[in-house]
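Engineer: Have a look at this one.
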Amino acid sequence: MNTNEVRTRFAPSPTGYMHIGNLRTALYAYLLAKSNGGKFILRIEDTDQERYVEGAVDVIYRTMKDTGLIHDEGPDIGGEFGPYIQSERRGLYKEYAEKLVESGHAYYCFCDKERLEDLRARQTAMKVPTKYDGLCSKLSKEEIQAKLDAGVPYVIRQKMPKTGKTSFQDEVFGEISVENAILDDNVLLKADGLPTYNFANVIDDHLMNITHIIRGSEYLSSTPKYNLLYEAFGWEIPKYIHVSPVMKDANNKLSKRHGDASYEDFIEKGYLKEAIVNYIALLGWAPGDEREKFTMEDLIEAFDVKGISKSPAIFDEKKLAWLNGEYIRELSAEKFHELAAPFYEGVIKNPDIDLKLVSELLQPRCEKLSDIPEQVDFFDNLPEYDNELYTHKKMKTNPENSLEALKEALPVLEGIEDWTKENIHDALIALVEKLELKNGRILWPVRVAVSGKAFTPGGGVELAHILGKNETIARINKGIEQLSK
RNA sequence: GGCUCCUUGGUCAAGUGGUUAAGACUCCGCCCUCUCACGGCGGCUACAGGGGUUCGAAUCCCCUAGGAGUCACCA
């Protein structure tokens, strides 16, 4: 193995859906590895059996594959540092925890939940920091052995130094340093024999040769404790890259628990995965130049830890929508139609409507695919509309002259043999010229009559073409009829 | 509350002692135009506040305010 190789990991716990913040962390880890020609590892942290959610692992696999965050090692594909699921590594942590006990960096603790709760309650009441009081660290060897022999349940706690301070260099936040005295003697190994995150992540990151740890800034304050562990083992401390959370608004993180959209929700709404990846890459990271559109390859090439910002970023769906619109417009007509098709279902049932033509109209007019239904609802059925729709100041139209316009347009349309867009256009423009009017005087009333709406994708000519001759004539007649009343 | 951090327009952000303080989204206006959208052009809006240091501070230091994270046998 190349000892200089950059190795990063994404280590989610399978407790629910993949939310945007998680995905972004995974993205950054992937980008850091790939921009350095390194390896990206997926590790599932399922040491908390109580929070395990069935199917959550599959969501993780699916999302990563979908977005192109392809891992080089992981539970599903293996690798030389497996297993990559913490619960399958359970046997290995105990040995390390015991090593720490031997070297004096950890100790057995037999305190039960009641005592700990009581302790915490008293400390809270006294307005004193809540931390373990170290009672069991004072146990003699004999006392410990006796309890062990008696089968008293125990945990192993990390023994923190009482003096001095621990500091480290974070790649984005700079130097972070804390007084050792305030560090709590955290549980390393739980009574069920499984490690806590605090312990497992250190052991696993080391055993898996992780060189750069990218994770949320919520771990910033506990990182010194992890470093003490690395030091106790005599292991090399990895580089840390902590990233600030993605926020819903100024005060709240984006979270699935609060009903905020997950990756899959955005896909359902008709956002393109490329746009989502592109957008979240820019949420909390900037390339340093003015580019805004990035393919995954571009991101790999441009990514640099220096561009990661310290402050939290608020997720702005408007900007995502804009970016998504950019991606939609770049699609080939075929591809767009393929993606749009599901959104016509149940909205346009008339088999005479050529959906490909509808797609042509829609492609420059939607930011996300879910914008489609409301834009095309008039194709199947002409909505009820008010005659006032015929009034348009700029077009200089009103119900009276619109009635005249429709009456003029009707025979012209009826006279078109070959119902093509060009023919419809040319015929109506010829009429406009004959009557010496502005285009809008004829075309606006036609558009209103065939659609019954104030805004439509495309103009009267396009809509008439898609609706077909019979339906167009019928709708013009309907317009004439209701304007004549 | 203790500790660790954060703070450039409404939002994302560039910026590392000297700039008219970029750019993008949003919003507004104009152009294009048969509506809408696309596209083009233009505009509004920012260095949280107060002290220093310096010839000079968004950039360095201190204080204040606001915000976040963390203080579990969760991760």
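Here's how to read the names in the structure tokens: chain A, B, ... by the order shown, residue numbers from 1 in each chain, ligand numbers from 1 in the order shown.
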Mind running chain A against chain B at 7 Å and telling me each contacting residue's nearest atom pair with the distance in Å (one decimal), counting only C-alpha atoms (C1' of nucleotides), chain and number ascending, as CSV?
Structural biologist:
residue,atom,partner,partner_atom,distance
A:Ser13,CA,B:A75,C1',6.8
A:Pro129,CA,B:G2,C1',6.4
A:Thr130,CA,B:C71,C1',6.9
A:Val187,CA,B:C73,C1',6.6
A:Lys190,CA,B:C73,C1',4.7
A:Ala191,CA,B:C73,C1',6.2
A:Tyr197,CA,B:A75,C1',6.0
A:Ser217,CA,B:G69,C1',7.0
A:Glu218,CA,B:G69,C1',5.2
A:Ser221,CA,B:U4,C1',5.5
A:Leu283,CA,B:C12,C1',6.6
A:Gly288,CA,B:A14,C1',6.8
A:Glu290,CA,B:G23,C1',6.2
A:Lys310,CA,B:C6,C1',6.8
A:Ser311,CA,B:C6,C1',5.4
A:Asp316,CA,B:U11,C1',6.2
A:Lys318,CA,B:C25,C1',6.9
A:Lys319,CA,B:C25,C1',4.9
A:Pro364,CA,B:C38,C1',5.6
A:Arg365,CA,B:A37,C1',4.6
A:Asn439,CA,B:C34,C1',6.3
A:Gly440,CA,B:C34,C1',4.8
A:Leu443,CA,B:C34,C1',4.6
A:Trp444,CA,B:C34,C1',5.2
A:Ala454,CA,B:U35,C1',6.5
A:Phe455,CA,B:C36,C1',5.0
A:Thr456,CA,B:C36,C1',5.5
A:Pro457,CA,B:C36,C1',5.9
A:Gly459,CA,B:C34,C1',5.8
A:Gly460,CA,B:C34,C1',6.5
Engineer: Might you pull out every residue within 10 Å of A:Leu119, with only C-alpha atoms (C1' of nucleotides) counted and same-chain residues fewer than 3 positions away left off, and present them as a VMD selection string?
Structural biologist: chain A and resid 113 to 116 122 to 125 130 to 133
Engineer: Write the residues of the selection above to a file with N, CA, C and O atoms, as an mmCIF file, in the first residue's frame.
Structural biologist:
data_model
loop_
_atom_site.group_PDB
_atom_site.id
_atom_site.type_symbol
_atom_site.label_atom_id
_atom_site.label_comp_id
_atom_site.auth_asym_id
_atom_site.auth_seq_id
_atom_site.Cartn_x
_atom_site.Cartn_y
_atom_site.Cartn_z
ATOM 1 N N LYS A 113 -26.705 2.887 36.088
ATOM 2 C CA LYS A 113 -27.400 4.062 35.548
ATOM 3 C C LYS A 113 -27.988 4.942 36.640
ATOM 4 O O LYS A 113 -27.982 6.159 36.531
ATOM 5 N N GLU A 114 -28.491 4.287 37.692
ATOM 6 C CA GLU A 114 -29.121 5.058 38.763
ATOM 7 C C GLU A 114 -28.122 6.021 39.402
ATOM 8 O O GLU A 114 -28.404 7.192 39.602
ATOM 9 N N ARG A 115 -26.940 5.470 39.699
ATOM 10 C CA ARG A 115 -25.951 6.330 40.342
ATOM 11 C C ARG A 115 -25.539 7.484 39.426
ATOM 12 O O ARG A 115 -25.386 8.626 39.850
ATOM 13 N N LEU A 116 -25.410 7.168 38.149
ATOM 14 C CA LEU A 116 -24.993 8.217 37.210
ATOM 15 C C LEU A 116 -26.058 9.296 37.076
ATOM 16 O O LEU A 116 -25.753 10.495 37.026
ATOM 17 N N ARG A 122 -27.516 15.863 40.871
ATOM 18 C CA ARG A 122 -26.910 16.679 41.929
ATOM 19 C C ARG A 122 -26.023 17.759 41.348
ATOM 20 O O ARG A 122 -26.029 18.910 41.782
ATOM 21 N N GLN A 123 -25.267 17.376 40.320
ATOM 22 C CA GLN A 123 -24.374 18.360 39.709
ATOM 23 C C GLN A 123 -25.169 19.477 39.049
ATOM 24 O O GLN A 123 -24.806 20.647 39.118
ATOM 25 N N THR A 124 -26.253 19.090 38.415
ATOM 26 C CA THR A 124 -27.095 20.088 37.775
ATOM 27 C C THR A 124 -27.659 21.039 38.823
ATOM 28 O O THR A 124 -27.656 22.252 38.647
ATOM 29 N N ALA A 125 -28.114 20.461 39.914
ATOM 30 C CA ALA A 125 -28.696 21.276 40.978
ATOM 31 C C ALA A 125 -27.668 22.243 41.548
ATOM 32 O O ALA A 125 -27.981 23.385 41.883
ATOM 33 N N THR A 130 -21.596 18.873 34.546
ATOM 34 C CA THR A 130 -21.953 17.469 34.750
ATOM 35 C C THR A 130 -20.893 16.574 34.119
ATOM 36 O O THR A 130 -20.713 16.572 32.913
ATOM 37 N N LYS A 131 -20.206 15.857 34.955
ATOM 38 C CA LYS A 131 -19.254 14.883 34.433
ATOM 39 C C LYS A 131 -19.070 13.766 35.439
ATOM 40 O O LYS A 131 -19.390 13.926 36.630
ATOM 41 N N TYR A 132 -18.541 12.660 34.963
ATOM 42 C CA TYR A 132 -18.339 11.522 35.852
ATOM 43 C C TYR A 132 -17.325 11.900 36.925
ATOM 44 O O TYR A 132 -16.328 12.568 36.648
ATOM 45 N N ASP A 133 -17.600 11.459 38.167
ATOM 46 C CA ASP A 133 -16.748 11.892 39.273
ATOM 47 C C ASP A 133 -15.495 11.046 39.495
ATOM 48 O O ASP A 133 -14.722 11.299 40.409
#
Engineer: Kindly indicate which residue among A:Gly151, A:Pro399, A:Gly415, A:Gly38 lies nearest to A:Glu5, using only C-alpha atoms for the distances.
Structural biologist: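 Smallest distance to A:Glu5 is found for A:Gly38.
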Engineer: For B:C31, work out the shell of residues within 12 Å, counting only C-alpha atoms (C1' of nucleotides) and skipping chain neighbours fewer than 2 positions away, then give it as a list in words.
Structural biologist: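 The contact residues come out as G29, U33, G39, G40, C41 and G42 of chain B.
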Engineer: Kindly save the residues from that selection, with N, CA, C and O atoms (P, O5', C5', C4', C3', O3' and C1' of nucleotides) included, as a PDB file, in the first residue's frame.
Structural biologist:
ATOM      1  P     G B  29     -41.044  45.744 -11.924  1.00  0.00           P
ATOM      2  O5'   G B  29     -40.059  46.638 -12.793  1.00  0.00           O
ATOM      3  C5'   G B  29     -40.047  48.049 -12.623  1.00  0.00           C
ATOM      4  C4'   G B  29     -38.939  48.644 -13.448  1.00  0.00           C
ATOM      5  C3'   G B  29     -38.944  48.254 -14.920  1.00  0.00           C
ATOM      6  O3'   G B  29     -39.856  49.032 -15.678  1.00  0.00           O
ATOM      7  C1'   G B  29     -36.749  48.053 -14.065  1.00  0.00           C
ATOM      8  P     U B  33     -39.173  42.002 -31.051  1.00  0.00           P
ATOM      9  O5'   U B  33     -40.263  40.996 -30.501  1.00  0.00           O
ATOM     10  C5'   U B  33     -40.196  39.604 -30.826  1.00  0.00           C
ATOM     11  C4'   U B  33     -41.072  38.836 -29.878  1.00  0.00           C
ATOM     12  C3'   U B  33     -42.525  39.302 -29.829  1.00  0.00           C
ATOM     13  O3'   U B  33     -43.290  38.685 -30.857  1.00  0.00           O
ATOM     14  C1'   U B  33     -41.670  39.090 -27.624  1.00  0.00           C
ATOM     15  P     G B  39     -31.653  32.213 -19.083  1.00  0.00           P
ATOM     16  O5'   G B  39     -31.306  33.121 -20.346  1.00  0.00           O
ATOM     17  C5'   G B  39     -30.659  32.544 -21.474  1.00  0.00           C
ATOM     18  C4'   G B  39     -30.542  33.580 -22.565  1.00  0.00           C
ATOM     19  C3'   G B  39     -29.960  34.913 -22.123  1.00  0.00           C
ATOM     20  O3'   G B  39     -28.543  34.878 -22.101  1.00  0.00           O
ATOM     21  C1'   G B  39     -31.918  35.307 -23.383  1.00  0.00           C
ATOM     22  P     G B  40     -27.771  35.809 -21.061  1.00  0.00           P
ATOM     23  O5'   G B  40     -27.985  37.256 -21.659  1.00  0.00           O
ATOM     24  C5'   G B  40     -27.454  37.584 -22.944  1.00  0.00           C
ATOM     25  C4'   G B  40     -27.794  39.009 -23.297  1.00  0.00           C
ATOM     26  C3'   G B  40     -27.510  40.029 -22.205  1.00  0.00           C
ATOM     27  O3'   G B  40     -26.155  40.427 -22.184  1.00  0.00           O
ATOM     28  C1'   G B  40     -29.667  40.417 -23.091  1.00  0.00           C
ATOM     29  P     C B  41     -25.482  40.920 -20.823  1.00  0.00           P
ATOM     30  O5'   C B  41     -26.142  42.344 -20.606  1.00  0.00           O
ATOM     31  C5'   C B  41     -25.925  43.387 -21.542  1.00  0.00           C
ATOM     32  C4'   C B  41     -26.775  44.583 -21.188  1.00  0.00           C
ATOM     33  C3'   C B  41     -26.614  45.095 -19.763  1.00  0.00           C
ATOM     34  O3'   C B  41     -25.480  45.913 -19.599  1.00  0.00           O
ATOM     35  C1'   C B  41     -28.916  45.001 -20.323  1.00  0.00           C
ATOM     36  P     G B  42     -24.759  45.971 -18.156  1.00  0.00           P
ATOM     37  O5'   G B  42     -25.838  46.714 -17.247  1.00  0.00           O
ATOM     38  C5'   G B  42     -26.040  48.114 -17.413  1.00  0.00           C
ATOM     39  C4'   G B  42     -27.232  48.559 -16.617  1.00  0.00           C
ATOM     40  C3'   G B  42     -27.147  48.432 -15.103  1.00  0.00           C
ATOM     41  O3'   G B  42     -26.373  49.468 -14.515  1.00  0.00           O
ATOM     42  C1'   G B  42     -29.297  47.783 -15.838  1.00  0.00           C
TER      43        G B  42
END
Engineer: Give the strand (DSSP E or B) residues of stretch 26-202 of chain A, as assigned by DSSP on the backbone, as a PDB file with C-alpha atoms, in the first residue's frame.
Structural biologist:
ATOM      1  CA  LYS A  39      -9.344   6.275  -1.623  1.00  0.00           C
ATOM      2  CA  PHE A  40     -12.832   6.902  -0.336  1.00  0.00           C
ATOM      3  CA  ILE A  41     -14.143   4.459   2.223  1.00  0.00           C
ATOM      4  CA  LEU A  42     -17.676   3.797   3.395  1.00  0.00           C
ATOM      5  CA  ILE A  44     -21.424   1.917   8.610  1.00  0.00           C
ATOM      6  CA  GLU A  73     -13.939   0.093   0.054  1.00  0.00           C
ATOM      7  CA  GLY A  74     -17.082  -0.635   1.990  1.00  0.00           C
ATOM      8  CA  GLY A  78     -15.123  -5.255   0.723  1.00  0.00           C
ATOM      9  CA  ILE A  85     -19.691  -2.461   9.517  1.00  0.00           C
ATOM     10  CA  ALA A 106      -8.676   3.854  30.970  1.00  0.00           C
ATOM     11  CA  TYR A 107     -10.406   2.039  33.807  1.00  0.00           C
ATOM     12  CA  TYR A 108     -13.274  -0.260  34.583  1.00  0.00           C
ATOM     13  CA  CYS A 109     -16.378   1.440  35.868  1.00  0.00           C
ATOM     14  CA  VAL A 155     -18.040  -0.204  31.141  1.00  0.00           C
ATOM     15  CA  ILE A 156     -14.552   0.994  30.360  1.00  0.00           C
ATOM     16  CA  ARG A 157     -13.959   4.716  30.688  1.00  0.00           C
ATOM     17  CA  GLN A 158     -11.231   6.860  29.302  1.00  0.00           C
ATOM     18  CA  LYS A 165      -4.464  21.254  27.849  1.00  0.00           C
ATOM     19  CA  THR A 166      -4.901  19.489  24.593  1.00  0.00           C
ATOM     20  CA  SER A 167      -4.910  21.238  21.287  1.00  0.00           C
ATOM     21  CA  PHE A 168      -4.974  20.328  17.671  1.00  0.00           C
ATOM     22  CA  GLN A 169      -4.924  21.927  14.294  1.00  0.00           C
ATOM     23  CA  ASP A 170      -8.129  21.741  12.326  1.00  0.00           C
ATOM     24  CA  GLY A 174      -7.330  26.406  12.840  1.00  0.00           C
ATOM     25  CA  GLU A 175      -6.083  25.717  16.330  1.00  0.00           C
ATOM     26  CA  ILE A 176      -8.588  24.414  18.824  1.00  0.00           C
ATOM     27  CA  SER A 177      -7.489  23.935  22.380  1.00  0.00           C
ATOM     28  CA  VAL A 178      -9.214  22.876  25.579  1.00  0.00           C
ATOM     29  CA  GLU A 179      -8.303  22.495  29.221  1.00  0.00           C
ATOM     30  CA  VAL A 187     -17.319   5.602  28.216  1.00  0.00           C
ATOM     31  CA  LEU A 188     -15.261   3.767  25.626  1.00  0.00           C
ATOM     32  CA  LEU A 189     -16.790   0.343  25.863  1.00  0.00           C
ATOM     33  CA  PRO A 195     -17.810   0.515  21.690  1.00  0.00           C
TER      34      PRO A 195
END
Engineer: Can you list, as number ranges by chain, every protein, DNA or RNA residue that comes within 7 Å of stretch 338-344 of chain A when you count only C-alpha atoms (C1' of nucleotides), leaving out same-chain residues fewer than 3 positions away?
Structural biologist: A: 334-335, 347-348, 369-370, 372-373
Engineer: Can those selected residues be exported to a file as an mmCIF file, in the first residue's frame so that it contains all heavy atoms?
Structural biologist:
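Saved the output as selection-v3.cif:
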data_model
loop_
_atom_site.group_PDB
_atom_site.id
_atom_site.type_symbol
_atom_site.label_atom_id
_atom_site.label_comp_id
_atom_site.auth_asym_id
_atom_site.auth_seq_id
_atom_site.Cartn_x
_atom_site.Cartn_y
_atom_site.Cartn_z
ATOM 1 N N GLU A 334 -34.562 14.925 -26.109
ATOM 2 C CA GLU A 334 -34.987 13.546 -25.837
ATOM 3 C C GLU A 334 -34.915 13.240 -24.351
ATOM 4 O O GLU A 334 -35.819 12.681 -23.767
ATOM 5 C CB GLU A 334 -34.100 12.535 -26.580
ATOM 6 C CG GLU A 334 -34.185 12.600 -28.098
ATOM 7 C CD GLU A 334 -33.528 13.843 -28.670
ATOM 8 O OE1 GLU A 334 -32.451 14.253 -28.164
ATOM 9 O OE2 GLU A 334 -34.083 14.440 -29.613
ATOM 10 N N LYS A 335 -33.786 13.634 -23.773
ATOM 11 C CA LYS A 335 -33.578 13.349 -22.358
ATOM 12 C C LYS A 335 -34.601 14.106 -21.516
ATOM 13 O O LYS A 335 -35.171 13.566 -20.575
ATOM 14 C CB LYS A 335 -32.154 13.761 -21.962
ATOM 15 C CG LYS A 335 -31.800 13.460 -20.517
ATOM 16 C CD LYS A 335 -31.716 11.962 -20.254
ATOM 17 C CE LYS A 335 -31.429 11.694 -18.772
ATOM 18 N NZ LYS A 335 -31.608 10.268 -18.443
ATOM 19 N N VAL A 347 -52.390 13.996 -16.039
ATOM 20 C CA VAL A 347 -52.683 15.403 -16.308
ATOM 21 C C VAL A 347 -53.098 15.555 -17.772
ATOM 22 O O VAL A 347 -54.086 16.211 -18.081
ATOM 23 C CB VAL A 347 -51.466 16.300 -16.005
ATOM 24 C CG1 VAL A 347 -51.822 17.763 -16.226
ATOM 25 C CG2 VAL A 347 -50.989 16.075 -14.572
ATOM 26 N N ILE A 348 -52.305 14.951 -18.644
ATOM 27 C CA ILE A 348 -52.667 14.966 -20.053
ATOM 28 C C ILE A 348 -53.020 13.537 -20.459
ATOM 29 O O ILE A 348 -52.144 12.690 -20.628
ATOM 30 C CB ILE A 348 -51.506 15.477 -20.938
ATOM 31 C CG1 ILE A 348 -51.081 16.872 -20.481
ATOM 32 C CG2 ILE A 348 -51.952 15.511 -22.409
ATOM 33 C CD1 ILE A 348 -49.952 17.463 -21.315
ATOM 34 N N LEU A 369 -38.969 19.630 -12.445
ATOM 35 C CA LEU A 369 -39.961 18.855 -13.169
ATOM 36 C C LEU A 369 -41.361 18.938 -12.561
ATOM 37 O O LEU A 369 -42.358 18.834 -13.270
ATOM 38 C CB LEU A 369 -39.512 17.386 -13.235
ATOM 39 C CG LEU A 369 -38.610 16.911 -14.375
ATOM 40 C CD1 LEU A 369 -38.143 18.027 -15.296
ATOM 41 C CD2 LEU A 369 -37.426 16.116 -13.871
ATOM 42 N N SER A 370 -41.416 19.147 -11.250
ATOM 43 C CA SER A 370 -42.732 19.204 -10.626
ATOM 44 C C SER A 370 -43.477 20.483 -11.004
ATOM 45 O O SER A 370 -44.636 20.659 -10.647
ATOM 46 C CB SER A 370 -42.601 19.094 -9.103
ATOM 47 O OG SER A 370 -41.802 20.145 -8.604
ATOM 48 N N ILE A 372 -44.251 21.056 -13.925
ATOM 49 C CA ILE A 372 -44.952 20.703 -15.149
ATOM 50 C C ILE A 372 -46.478 20.619 -15.072
ATOM 51 O O ILE A 372 -47.154 21.295 -15.859
ATOM 52 C CB ILE A 372 -44.373 19.379 -15.731
ATOM 53 C CG1 ILE A 372 -42.962 19.667 -16.262
ATOM 54 C CG2 ILE A 372 -45.264 18.817 -16.831
ATOM 55 C CD1 ILE A 372 -42.235 18.434 -16.769
ATOM 56 N N PRO A 373 -47.040 19.818 -14.164
ATOM 57 C CA PRO A 373 -48.500 19.620 -14.191
ATOM 58 C C PRO A 373 -49.333 20.890 -14.279
ATOM 59 O O PRO A 373 -50.221 20.998 -15.120
ATOM 60 C CB PRO A 373 -48.761 18.853 -12.887
ATOM 61 C CG PRO A 373 -47.498 18.098 -12.663
ATOM 62 C CD PRO A 373 -46.409 19.037 -13.108
#
Engineer: Could you tell me, as a PyMOL selection string, which residues of stretch 62-181 of chain A DSSP assigns to helix (DSSP H, G or I) when given the backbone?
Structural biologist: chain A and resi 62-67+86-102+113-125+135-138+141-149+180-181
Engineer: Show me, as a list in words, the residues that have an atom within 10 Å of A:Val305 when counting only C-alpha atoms (C1' of nucleotides), minus same-chain residues fewer than 4 positions from it.
Structural biologist: Tyr28, Leu31, Leu32, Glu171, Val172, Ile241, Trp285, Ala286, Pro287 and Ser309 of chain A
Engineer: Which of these residues is nearest to A:Arg441, using only C-alpha atoms: A:Glu236, A:Asp265, A:Asp112, A:Glu408?
Structural biologist: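 Under the stated criterion, the closest residue is A:Glu408.
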